[in-house]
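The next block is my_file.pdb, given as PDB, C-alpha atoms, pLDDT in the B column.
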ATOM      1  CA  MET P 276      20.747   3.183 -67.626  1.00 59.00           C
ATOM      2  CA  CYS P 277      19.738  -0.179 -66.118  1.00 74.00           C
ATOM      3  CA  HIS P 278      21.644  -1.633 -63.197  1.00 80.00           C
ATOM      4  CA  HIS P 279      19.876  -4.978 -63.252  1.00 81.00           C
ATOM      5  CA  THR P 280      20.476  -8.135 -65.273  1.00 84.00           C
ATOM      6  CA  PRO P 281      19.253  -8.574 -67.897  1.00 86.00           C
ATOM      7  CA  ALA P 282      19.167  -4.894 -68.794  1.00 91.00           C
ATOM      8  CA  CYS P 283      16.044  -3.335 -70.301  1.00 93.00           C
ATOM      9  CA  PRO P 284      15.895  -3.445 -74.098  1.00 94.00           C
ATOM     10  CA  SER P 285      16.895  -0.355 -76.038  1.00 94.00           C
ATOM     11  CA  ALA P 286      14.205   2.093 -77.124  1.00 95.00           C
ATOM     12  CA  TYR P 287      14.906   0.981 -80.693  1.00 96.00           C
ATOM     13  CA  ALA P 288      14.773  -2.782 -80.092  1.00 95.00           C
ATOM     14  CA  THR P 289      11.748  -4.744 -81.267  1.00 93.00           C
ATOM     15  CA  ASP P 290      10.980  -5.757 -77.671  1.00 94.00           C
ATOM     16  CA  ARG P 291      11.266  -2.192 -76.287  1.00 95.00           C
ATOM     17  CA  GLU P 292       7.912  -2.522 -74.485  1.00 94.00           C
ATOM     18  CA  ALA P 293       9.491  -5.076 -72.117  1.00 94.00           C
ATOM     19  CA  ALA P 294      11.420  -2.322 -70.313  1.00 95.00           C
ATOM     20  CA  VAL P 295      10.609  -1.514 -66.689  1.00 94.00           C
ATOM     21  CA  VAL P 296       7.862   1.086 -66.101  1.00 95.00           C
ATOM     22  CA  VAL P 297       9.233   4.084 -64.169  1.00 95.00           C
ATOM     23  CA  ALA P 298       6.126   6.304 -64.230  1.00 97.00           C
ATOM     24  CA  THR P 299       2.516   5.654 -65.062  1.00 96.00           C
ATOM     25  CA  HIS P 300      -0.488   7.920 -65.451  1.00 96.00           C
ATOM     26  CA  HIS P 301      -3.480   5.660 -66.003  1.00 92.00           C
ATOM     27  CA  ASP P 302      -5.786   8.667 -65.768  1.00 95.00           C
ATOM     28  CA  GLN P 303      -4.015  10.172 -68.795  1.00 95.00           C
ATOM     29  CA  GLY P 304      -3.444   6.866 -70.573  1.00 95.00           C
ATOM     30  CA  TRP P 305       0.356   6.627 -70.713  1.00 96.00           C
ATOM     31  CA  SER P 306       3.413   5.135 -69.056  1.00 97.00           C
ATOM     32  CA  ARG P 307       7.119   6.017 -69.273  1.00 97.00           C
ATOM     33  CA  LEU P 308       9.517   3.122 -69.603  1.00 96.00           C
ATOM     34  CA  ARG P 309      13.090   3.049 -68.306  1.00 95.00           C
ATOM     35  CA  ASN P 310      14.410   3.121 -71.889  1.00 95.00           C
ATOM     36  CA  GLY P 311      12.725   6.501 -72.477  1.00 96.00           C
ATOM     37  CA  VAL P 312       9.716   5.260 -74.455  1.00 97.00           C
ATOM     38  CA  LEU P 313       6.294   6.761 -73.761  1.00 97.00           C
ATOM     39  CA  LEU P 314       3.782   3.949 -74.113  1.00 96.00           C
ATOM     40  CA  PHE P 315       0.100   4.810 -74.552  1.00 96.00           C
ATOM     41  CA  ASP P 316      -2.901   2.688 -73.612  1.00 93.00           C
ATOM     42  CA  ASP P 317      -3.911   2.412 -77.288  1.00 92.00           C
ATOM     43  CA  THR P 318      -0.467   0.752 -77.952  1.00 91.00           C
ATOM     44  CA  GLY P 319       0.944   3.853 -79.643  1.00 95.00           C
ATOM     45  CA  GLU P 320       4.439   4.961 -78.632  1.00 97.00           C
ATOM     46  CA  ILE P 321       6.767   7.950 -78.733  1.00 97.00           C
ATOM     47  CA  LEU P 322      10.451   7.065 -78.851  1.00 97.00           C
ATOM     48  CA  PRO P 323      13.119   9.227 -77.147  1.00 96.00           C
ATOM     49  CA  ASP P 324      14.076  10.900 -80.450  1.00 97.00           C
ATOM     50  CA  GLY P 325      10.446  11.970 -81.030  1.00 97.00           C
ATOM     51  CA  THR P 326       9.602   9.216 -83.516  1.00 96.00           C
ATOM     52  CA  ILE P 327       5.935   8.264 -83.319  1.00 96.00           C
ATOM     53  CA  VAL P 328       4.960   4.609 -83.534  1.00 95.00           C
ATOM     54  CA  ALA P 329       1.323   4.227 -84.562  1.00 93.00           C
ATOM     55  CA  PRO P 330      -0.973   2.034 -82.464  1.00 93.00           C
ATOM     56  CA  ARG P 331      -1.179  -1.594 -83.525  1.00 85.00           C
ATOM     57  CA  GLN P 332      -4.432  -2.728 -85.088  1.00 75.00           C
ATOM     58  CA  VAL P 333      -6.145  -5.231 -82.850  1.00 63.00           C
ATOM     59  CA  ALA P 334      -8.829  -7.448 -84.311  1.00 58.00           C
ATOM     60  CA  ALA P 335     -12.049  -6.809 -82.465  1.00 56.00           C
ATOM     61  CA  THR P 336     -14.047  -9.821 -81.426  1.00 56.00           C
ATOM     62  CA  MET P 337     -17.730  -9.336 -80.825  1.00 52.00           C
ATOM     63  CA  VAL P 338     -19.372 -11.644 -78.349  1.00 53.00           C
ATOM     64  CA  MET P 339     -23.152 -11.744 -78.253  1.00 56.00           C
ATOM     65  CA  ALA P 340     -25.139 -13.288 -75.456  1.00 56.00           C
ATOM     66  CA  VAL P 341     -28.181 -15.260 -76.476  1.00 57.00           C
ATOM     67  CA  ALA P 342     -31.066 -14.908 -74.070  1.00 53.00           C
TER      68      ALA P 342
END

Written as structure tokens, how would this file's structure read?
Amino acid sequence: MCHHTPACPSAYATDREAAVVVATHHDQGWSRLRNGVLLFDDTGEILPDGTIVAPRQVAATMVMAVA
């Protein structure tokens, strides 16, 4: 699928999110990667075979300004 070197990682590789973006819809919150993965803004994914990868939990850091 990729004609460049190094080729994009497979949709089933652990670094699949490093693939080249071929379409993006920021207004809808998703991007399609060259390896067929749909990557969502919340870090969730749908793999080419329909497997859903749940969003990663990100620790929230609260910053408070003191006046």

Would you list the contacts of Gly311 of chain P as a PDB file with C-alpha atoms, keeping the file's coordinate frame, taking every protein, DNA or RNA residue within 8 Å and counting all atoms listed in the file, but skipping same-chain residues closer than 4 positions in sequence?
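File result27.pdb, as written:
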ATOM      1  CA  ALA P 286      14.205   2.093 -77.124  1.00 95.00           C
ATOM      2  CA  ARG P 307       7.119   6.017 -69.273  1.00 97.00           C
ATOM      3  CA  LEU P 322      10.451   7.065 -78.851  1.00 97.00           C
ATOM      4  CA  PRO P 323      13.119   9.227 -77.147  1.00 96.00           C
TER       5      PRO P 323
END

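You can rank P:Trp305, P:Val312, P:Thr318, P:Arg331 by their closest distance to Ser285 of chain P using all atoms listed in the file, and at the top of that list sits P:Val312.
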
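Of note, atom CA of Glu292 of chain P and atom CA of His278 of chain P are spaced 17.8 Å apart.
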
(request) Kindly indicate which residue among P:Cys277, P:Asp302, P:Val296, P:Ala282 lies nearest to Leu314 of chain P, using all atoms listed in the file for the distances. (result) P:Val296

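For the file shown, the residue list from the PyMOL selection byres ((chain P and resi 295) around 6) reads Ala294, Val296, Leu308 and Arg309 of chain P.
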
How would the residues just picked look written out with C-alpha atoms as an mmCIF file, in the coordinates of the input?
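The result, stored in again_37.cif:
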data_model
loop_
_atom_site.group_PDB
_atom_site.id
_atom_site.type_symbol
_atom_site.label_atom_id
_atom_site.label_comp_id
_atom_site.auth_asym_id
_atom_site.auth_seq_id
_atom_site.Cartn_x
_atom_site.Cartn_y
_atom_site.Cartn_z
ATOM 1 C CA ALA P 294 11.420 -2.322 -70.313
ATOM 2 C CA VAL P 296 7.862 1.086 -66.101
ATOM 3 C CA LEU P 308 9.517 3.122 -69.603
ATOM 4 C CA ARG P 309 13.090 3.049 -68.306
#

(message) Counting all atoms listed in the file, which residue out of P:Gln303, P:Asn310, P:Asp290, P:Thr280 sits closest to Asp324 of chain P?
(response) P:Asn310

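Coordinates place atom CA of His301 of chain P at a distance of 23.9 Å from atom CA of Thr289 of chain P.
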
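One finds atom CA of Gly319 of chain P at 25.1 Å from atom CA of Pro281 of chain P.
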
(message) Please determine, counting only C-alpha atoms, which residue among P:Gln332, P:Pro284, P:His279, P:Gly304 has the shortest atom-to-atom distance to Asp316 of chain P.
(response) P:Gly304

(message) I'd like the neighbourhood of Ser306 of chain P as a PyMOL selection string, where a residue qualifies if any of its atoms comes within 8 Å (using only C-alpha atoms), though same-chain residues fewer than 6 positions away should be ignored.
(response) chain P and resi 296-300+313-315

Exercise on segment 290-303 of chain P, axis-aligned box with 8 Å per side, report centre and edge lengths in Å to one decimal, as lines of an AutoDock Vina configuration file:
center_x = 2.8
center_y = 2.2
center_z = -70.9
size_x = 33.2
size_y = 31.9
size_z = 29.5
